[in-house]
Structure formats: C-alpha cells, structure tokens
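**Q** Just so it is clear, I am handing over input.tsv, which has TSV, C-alpha atoms.
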```tsv
chain	number	residue	atom	x	y	z
H	84	MET	CA	118.77	9.20	-100.36
H	85	SER	CA	116.31	6.32	-99.93
H	86	THR	CA	115.61	4.00	-102.88
H	87	ARG	CA	114.11	0.65	-103.72
H	88	ILE	CA	115.38	-1.87	-106.27
H	89	CYS	CA	112.70	-3.27	-108.55
H	90	ASP	CA	112.74	-6.86	-109.88
H	91	THR	CA	111.99	-6.34	-113.58
H	92	ARG	CA	110.64	-9.88	-113.88
H	93	SER	CA	107.61	-8.99	-111.79
H	94	GLY	CA	107.03	-5.61	-113.41
H	95	GLU	CA	105.31	-2.69	-111.76
H	96	GLY	CA	101.89	-4.34	-111.52
H	97	PRO	CA	102.43	-5.91	-108.07
H	98	LEU	CA	103.77	-2.62	-106.72
H	99	GLN	CA	100.72	-0.74	-107.97
H	100	ARG	CA	98.45	-3.26	-106.26
H	101	ASN	CA	100.41	-2.83	-103.03
H	102	LEU	CA	100.10	0.95	-103.24
H	103	GLU	CA	96.33	0.51	-103.30
H	104	ASP	CA	96.49	-1.59	-100.09
H	105	LEU	CA	96.27	0.96	-97.25
H	106	ASP	CA	97.65	-1.44	-94.62
H	107	TRP	CA	100.67	-2.30	-96.76
H	108	LEU	CA	101.15	1.35	-97.66
H	109	ALA	CA	101.07	2.48	-94.02
H	110	ALA	CA	103.59	-0.15	-92.94
H	111	THR	CA	105.90	0.61	-95.85
H	112	ALA	CA	105.66	4.36	-95.25
H	113	ARG	CA	106.65	3.89	-91.60
H	114	ALA	CA	109.62	1.72	-92.60
H	115	HIS	CA	110.68	4.21	-95.28
H	116	ASP	CA	110.42	7.11	-92.84
H	117	GLY	CA	112.44	5.16	-90.26
H	118	VAL	CA	115.30	4.71	-92.72
H	119	VAL	CA	115.24	8.37	-93.71
H	120	ALA	CA	115.16	9.48	-90.05
H	121	ALA	CA	118.15	7.25	-89.24
H	122	VAL	CA	120.17	8.68	-92.13
H	123	LEU	CA	119.13	12.21	-91.16
H	124	ARG	CA	120.79	11.78	-87.77
H	125	CYS	CA	124.09	11.38	-89.60
H	126	GLY	CA	123.81	14.64	-91.55
H	127	PRO	CA	121.82	16.55	-94.19
H	128	THR	CA	119.63	14.17	-96.15
H	129	ILE	CA	117.71	14.29	-99.42
H	130	PRO	CA	114.81	11.84	-99.03
H	131	LEU	CA	113.39	10.40	-102.21
H	132	ARG	CA	109.68	9.72	-102.37
H	133	LEU	CA	108.24	6.44	-101.21
H	134	ALA	CA	108.53	3.64	-103.82
H	135	THR	CA	111.07	5.45	-105.98
H	136	LEU	CA	112.21	2.57	-108.16
H	137	TYR	CA	115.60	1.77	-109.66
H	138	LEU	CA	116.10	-1.34	-111.72
H	139	ASP	CA	119.59	-2.08	-110.37
H	140	ASP	CA	122.55	-0.57	-108.52
H	141	ASP	CA	124.14	0.63	-111.74
H	142	ARG	CA	121.15	2.92	-112.37
H	143	ILE	CA	121.62	4.44	-108.93
H	144	ARG	CA	125.34	5.01	-109.49
H	145	ALA	CA	124.60	6.62	-112.85
H	146	LEU	CA	122.05	8.93	-111.25
H	147	LEU	CA	124.52	10.03	-108.57
H	148	ASP	CA	127.18	10.71	-111.20
H	149	GLU	CA	124.89	12.55	-113.62
H	150	ARG	CA	123.09	14.64	-111.00
H	151	GLN	CA	126.02	15.33	-108.67
H	152	GLN	CA	125.67	19.11	-108.88
H	153	ASP	CA	121.91	18.92	-108.39
H	154	PHE	CA	122.29	16.79	-105.28
H	155	ALA	CA	124.97	19.13	-103.91
H	156	ALA	CA	122.68	22.13	-104.38
H	157	ALA	CA	119.78	20.28	-102.75
H	158	LEU	CA	121.94	19.36	-99.76
H	159	ARG	CA	122.96	23.00	-99.32
H	160	GLN	CA	119.28	23.98	-99.42
H	161	VAL	CA	118.27	21.67	-96.57
H	162	THR	CA	121.37	21.89	-94.36
H	163	GLY	CA	120.45	23.22	-90.92
H	164	ARG	CA	116.76	23.24	-91.84
H	165	SER	CA	113.75	21.01	-91.28
H	166	GLU	CA	110.33	20.60	-92.81
H	167	TRP	CA	107.26	21.57	-90.79
H	168	GLY	CA	103.66	20.87	-91.69
H	169	VAL	CA	100.70	23.12	-91.02
H	170	LYS	CA	97.13	21.99	-91.57
H	171	ALA	CA	94.05	24.16	-91.17
H	172	TYR	CA	90.60	22.83	-90.31
H	173	GLY	CA	87.46	24.87	-90.86
H	174	ASP	CA	84.32	25.00	-88.77
H	175	ALA	CA	81.51	25.62	-91.25
H	176	LYS	CA	79.14	26.91	-88.57
H	177	LEU	CA	81.60	29.54	-87.36
H	178	LEU	CA	82.55	30.50	-90.90
H	179	ALA	CA	78.91	30.89	-91.91
H	180	GLN	CA	77.27	34.28	-92.00
H	181	PRO	CA	73.53	33.90	-92.65
H	182	PRO	CA	72.46	36.22	-95.47
H	183	ALA	CA	70.16	39.04	-94.48
H	184	GLU	CA	66.60	38.46	-95.70
H	185	GLU	CA	64.87	41.40	-97.26
H	186	PRO	CA	61.70	42.44	-95.41
H	187	GLY	CA	58.61	40.99	-97.01
H	188	SER	CA	60.65	38.94	-99.46
H	189	GLN	CA	58.50	35.88	-98.79
H	190	GLY	CA	55.19	37.71	-98.68
H	191	GLY	CA	52.73	36.83	-101.39
H	192	ARG	CA	54.92	34.13	-102.92
H	193	GLY	CA	53.81	30.59	-103.60
H	194	LYS	CA	55.36	27.60	-101.84
H	195	GLY	CA	57.35	26.65	-104.94
H	196	THR	CA	58.86	30.11	-105.31
H	197	ALA	CA	59.64	30.29	-101.60
H	198	TYR	CA	61.41	26.93	-101.76
H	199	LEU	CA	63.54	27.99	-104.73
H	200	LEU	CA	64.50	31.22	-103.00
H	201	ARG	CA	65.41	29.36	-99.83
H	202	ARG	CA	67.42	26.81	-101.78
H	203	ARG	CA	69.27	29.54	-103.65
H	204	ALA	CA	70.08	31.25	-100.34
H	205	GLU	CA	71.47	27.97	-98.95
H	206	LEU	CA	73.70	27.47	-102.00
H	207	THR	CA	74.92	31.05	-101.81
H	208	ALA	CA	75.67	30.64	-98.10
H	209	GLN	CA	77.71	27.47	-98.78
H	210	GLN	CA	79.67	29.24	-101.51
H	211	ASP	CA	80.37	32.11	-99.13
H	212	ILE	CA	81.67	29.68	-96.52
H	213	GLU	CA	84.01	28.05	-99.04
H	214	ARG	CA	85.26	31.42	-100.30
H	215	ARG	CA	85.85	32.59	-96.73
H	216	ALA	CA	87.76	29.39	-95.92
H	217	ALA	CA	89.89	29.75	-99.06
H	218	ALA	CA	90.71	33.36	-98.16
H	219	HIS	CA	91.78	32.34	-94.65
H	220	ALA	CA	93.93	29.56	-96.06
H	221	GLN	CA	95.72	31.92	-98.44
H	222	GLU	CA	96.33	34.49	-95.70
H	223	ILE	CA	97.77	31.82	-93.39
H	224	HIS	CA	100.04	30.41	-96.09
H	225	SER	CA	101.30	33.87	-97.05
H	226	ALA	CA	102.03	34.79	-93.43
H	227	LEU	CA	103.90	31.57	-92.71
H	228	GLY	CA	105.86	31.87	-95.94
H	229	HIS	CA	107.52	35.02	-94.59
H	230	HIS	CA	109.01	32.95	-91.78
H	231	ALA	CA	110.29	30.07	-93.91
H	232	VAL	CA	113.09	29.56	-96.41
H	233	ASP	CA	110.69	27.85	-98.80
H	234	CYS	CA	107.08	26.68	-98.72
H	235	ARG	CA	104.63	24.49	-100.60
H	236	ARG	CA	100.87	24.15	-100.67
H	237	GLN	CA	99.94	20.49	-100.72
H	238	GLN	CA	96.72	18.67	-101.53
H	239	VAL	CA	94.40	18.41	-98.55
H	240	THR	CA	94.59	14.94	-97.04
H	241	ASP	CA	91.79	12.42	-97.44
H	242	PRO	CA	89.92	11.88	-94.12
H	243	VAL	CA	90.38	8.12	-94.64
H	244	ILE	CA	94.12	8.63	-94.23
H	245	THR	CA	94.04	11.19	-91.42
H	246	GLY	CA	91.30	9.46	-89.45
H	247	LYS	CA	89.77	12.88	-88.78
H	248	ARG	CA	86.29	13.94	-89.81
H	249	ALA	CA	87.14	17.63	-89.57
H	250	TRP	CA	86.99	19.72	-92.77
H	251	MET	CA	90.60	20.29	-93.86
H	252	ILE	CA	90.82	23.55	-95.80
H	253	PHE	CA	94.58	23.88	-96.06
H	254	ASN	CA	97.72	21.75	-96.04
H	255	GLY	CA	101.11	23.43	-96.23
H	256	THR	CA	104.76	22.45	-95.76
H	257	TYR	CA	107.53	24.86	-94.77
H	258	LEU	CA	111.32	24.63	-94.81
H	259	VAL	CA	112.45	26.42	-91.66
H	260	ASP	CA	115.88	27.18	-90.22
H	261	ASP	CA	116.32	24.98	-87.17
H	262	LYS	CA	117.39	27.97	-85.08
H	263	LEU	CA	114.08	29.70	-85.91
H	264	ALA	CA	111.81	26.73	-85.24
H	265	ASP	CA	110.42	28.19	-81.99
H	266	GLU	CA	109.67	31.49	-83.70
H	267	PHE	CA	107.83	29.66	-86.49
H	268	ALA	CA	105.77	27.73	-83.93
H	269	SER	CA	104.87	31.01	-82.22
H	270	VAL	CA	103.64	32.45	-85.52
H	271	VAL	CA	101.43	29.39	-86.07
H	272	ALA	CA	99.99	29.77	-82.57
H	273	ALA	CA	99.25	33.45	-83.18
H	274	LEU	CA	97.53	32.75	-86.50
H	275	ASP	CA	95.46	30.06	-84.81
H	276	THR	CA	93.76	32.74	-82.71
H	277	GLU	CA	93.36	35.32	-85.49
H	278	HIS	CA	91.05	33.45	-87.84
H	279	GLN	CA	87.60	32.70	-86.47
H	280	GLY	CA	86.32	29.30	-87.48
H	281	VAL	CA	89.78	27.99	-88.41
H	282	ALA	CA	92.00	25.76	-86.25
H	283	LEU	CA	95.66	25.15	-87.09
H	284	GLU	CA	97.71	22.02	-86.49
H	285	LEU	CA	101.53	22.15	-86.50
H	286	THR	CA	103.55	18.96	-87.06
H	287	GLY	CA	107.26	18.35	-87.31
H	288	PRO	CA	110.12	18.60	-87.57
H	289	TRP	CA	110.24	16.23	-90.54
H	290	PRO	CA	112.88	15.25	-93.07
H	291	PRO	CA	112.64	17.73	-95.97
H	292	TYR	CA	110.56	15.53	-98.29
H	293	SER	CA	108.90	18.52	-99.97
H	294	PHE	CA	112.16	20.38	-100.57
H	295	SER	CA	114.64	17.82	-101.90
H	296	GLY	CA	114.88	19.84	-105.13
H	297	ILE	CA	115.50	16.75	-107.24
H	298	ASP	CA	113.16	15.91	-110.12
H	299	GLN	CA	113.44	12.22	-110.66
H	300	ALA	CA	114.78	11.00	-113.96
H	301	ASN	CA	113.56	7.81	-115.59
H	302	PRO	CA	115.03	4.99	-113.47
```
The structure given in the file should be rewritten as structure tokens.
**A**
Amino acid sequence: MSTRICDTRSGEGPLQRNLEDLDWLAATARAHDGVVAAVLRCGPTIPLRLATLYLDDDRIRALLDERQQDFAAALRQVTGRSEWGVKAYGDAKLLAQPPAEEPGSQGGRGKGTAYLLRRRAELTAQQDIERRAAAHAQEIHSALGHHAVDCRRQQVTDPVITGKRAWMIFNGTYLVDDKLADEFASVVAALDTEHQGVALELTGPWPPYSFSGIDQANP
C-alpha cells in the first residue's frame, strides 16, 4: 500500500496546484510507480492511487485495523495476477463508409439546398463513424473480458498526456492470471487484425491499480 502524509498546516491547496502542473505530476507518478513496483517484487500488493492523503500515521494504522478483512480479500484477488492495459485507436478514413447518393438527388436543386444536403450527409457520415468505432470498442472489450479475471473500461486518455495524435476510441484494463499472460496477448493480437480501421496497443504487466478493491475512506 502506497500513501502520502499530508501536513495539515498547508492544507490541500498546494497539492491541488501541483496536480495541475504536468511536469510535477509526471515526476511524482514515476516516483509513486517506482515504490509500488519495488513493493510488488516482495509479494502481492494493493497500490493506492497517486496522492492518497493521510493526515498522520495513526490514521493509516486505523485504516489497516478497520479494513483488515477488505485488504485481505483484495490481496487474494490480485495474488498471482497482473494488470494489463489495452488501448484502441481508430482510423476515421478506414472506418468511414461514404453514403450512397440517390441518382438525380442533386438535379434541379438550388445551391443552398445542395449545400444543406451535402452538410447533412457529412454529419451523418461522422455519426456513422463514431457509432462504428463504439461498436468495435464494445466487441473488443467483451472478447478480452472472457480471458481476464476482471476488467474495467477507463476514460480515454487525453492526447496531451499520451503524446499521440491518434484518435483513441477505447481504453481498458484487465486483471489476468500470470500463467495466462501469453494467451491474453495472443487474443489481443488476433483482435487487432479482425477490426478494420482499429489498431490495438497492449501494455503491461502493471501493478493492479484498477483492481485493488478498496474504496478509500475519509483520511
């Protein structure tokens, strides 16, 4: 379990300002992940989220005493398992299917009417692309879920954070038995070739951040 002690004299204002500083946040996240990874090498680990705050050591001891059964159950859940991430990126051009234009649909129409019809067709095409991408994302998540102990759909990541300009249409995390990790990777590779216009990215193994099973109480 990774925690941070908060100095109550400074309050939470400075921390909030730091969380809005991307450079500080990146450095702190790397340090936090390094601690969790080091603990993970010693045995099953329940990582708390970055900047989980406790006012003093007594609060931490009280949490461990009060939630002992919850922590034990969470440790059983993650033992012998790791978290894997799967992101899907969509290619709008490949996902697009130009709508068929009815013969003579433009004949005899004024420029204004033709423009409105063309604009409506463009909007419909964009909606079709988004619906198609969403359907692919759901199919991928469902298929991967059958090969995992547990799974979560996460918010798609802001391009500012990822550094990629590609259109992310899906972001999922999966708790997978370590002995089945190669099988899970093979499933991801197979799905990557099945969905035209969608490319998958597999990352991991990671500490089970998404599957700690502990809802934080008021620190």
**Q** Sorted by chain and rising residue number, list the residues of region 107-138 of chain H at most 10 Å from region 159-166 of chain H (counting only C-alpha atoms), each with its closest atom pair and distance in Å to one decimal, as a Markdown table.
**A**
```
| residue | atom | partner | partner_atom | distance |
| --- | --- | --- | --- | --- |
| H:Gly126 | CA | H:Thr162 | CA | 8.1 |
| H:Pro127 | CA | H:Thr162 | CA | 5.4 |
| H:Thr128 | CA | H:Val161 | CA | 7.6 |
| H:Ile129 | CA | H:Val161 | CA | 7.9 |
```
**Q** Kindly indicate which residue among H:Arg113, H:His229, H:Arg124, H:Arg144 lies nearest to Glu266 (chain H), using all atoms listed in the file for the distances.
**A** H:His229
**Q** When you draw a straight line from CA of Lys170 (chain H) to CA of Glu277 (chain H), how long is it in Å?
**A**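 CA of Glu277 (chain H) lies 15.1 Å from CA of Lys170 (chain H).
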**Q** Pick the closest to Leu283 (chain H) from H:Ser269, H:Gln99, H:Gln238, H:Ser295: which is it, counting only C-alpha atoms?
**A**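 The answer is H:Ser269, which sits nearest to Leu283 (chain H).
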**Q** Hey, what's within 12 Å of Ala249 (chain H) if we count all atoms listed in the file and toss same-chain stuff fewer than 6 positions away? As a ChimeraX atom specification, please?
**A** /H:170-175,239-243,280-284
**Q** Could you turn the residues from that selection into a file that holds C-alpha atoms, as a compact mmCIF listing (two decimals), in the coordinates of the input?
**A**
```
# COMPACT_ATOMS: atom_id res chain seq x y z
CA LYS H 170 97.13 21.99 -91.57
CA ALA H 171 94.05 24.16 -91.17
CA TYR H 172 90.60 22.83 -90.31
CA GLY H 173 87.46 24.87 -90.86
CA ASP H 174 84.32 25.00 -88.77
CA ALA H 175 81.51 25.62 -91.25
CA VAL H 239 94.40 18.41 -98.55
CA THR H 240 94.59 14.94 -97.04
CA ASP H 241 91.79 12.42 -97.44
CA PRO H 242 89.92 11.88 -94.12
CA VAL H 243 90.38 8.12 -94.64
CA GLY H 280 86.32 29.30 -87.48
CA VAL H 281 89.78 27.99 -88.41
CA ALA H 282 92.00 25.76 -86.25
CA LEU H 283 95.66 25.15 -87.09
CA GLU H 284 97.71 22.02 -86.49
```
**Q** Which is closest to Leu274 (chain H) among H:Cys234, H:Leu258, H:Leu227, H:Val119, if we use all atoms listed in the file?
**A**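 Counting all atoms listed in the file, the residue closest to Leu274 (chain H) is H:Leu227.
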**Q** Counting all atoms listed in the file, which residue out of H:Gln151, H:His278, H:Lys262, H:Val271 sits closest to Ala217 (chain H)?
**A**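 Of H:Gln151, H:His278, H:Lys262, H:Val271, the one nearest Ala217 (chain H), counting all atoms listed in the file, is H:His278.
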**Q** Mind giving me the straight-line distance from CA of Leu285 (chain H) to CA of Ala218 (chain H) in Å, one decimal?
**A**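 It comes out at 19.5 Å.
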**Q** Find the distance between CA of Asp260 (chain H) and CA of Leu123 (chain H) and write it in Å to one decimal.
**A**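 Calculated distance between CA of Asp260 (chain H) and CA of Leu123 (chain H) is 15.3 Å.
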**Q** Using all atoms listed in the file, can you tell me which of H:Trp250, H:Leu136, H:Leu147, H:Leu178 comes closest to His219 (chain H)?
**A**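 The closest residue to His219 (chain H) is H:Leu178.
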**Q** Between H:Ala273, H:Leu105, H:Ile223, H:Ala155, which has the minimum distance to Ile252 (chain H) (counting only C-alpha atoms)?
**A**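 Among the listed residues, the smallest separation from Ile252 (chain H) belongs to H:Ile223.
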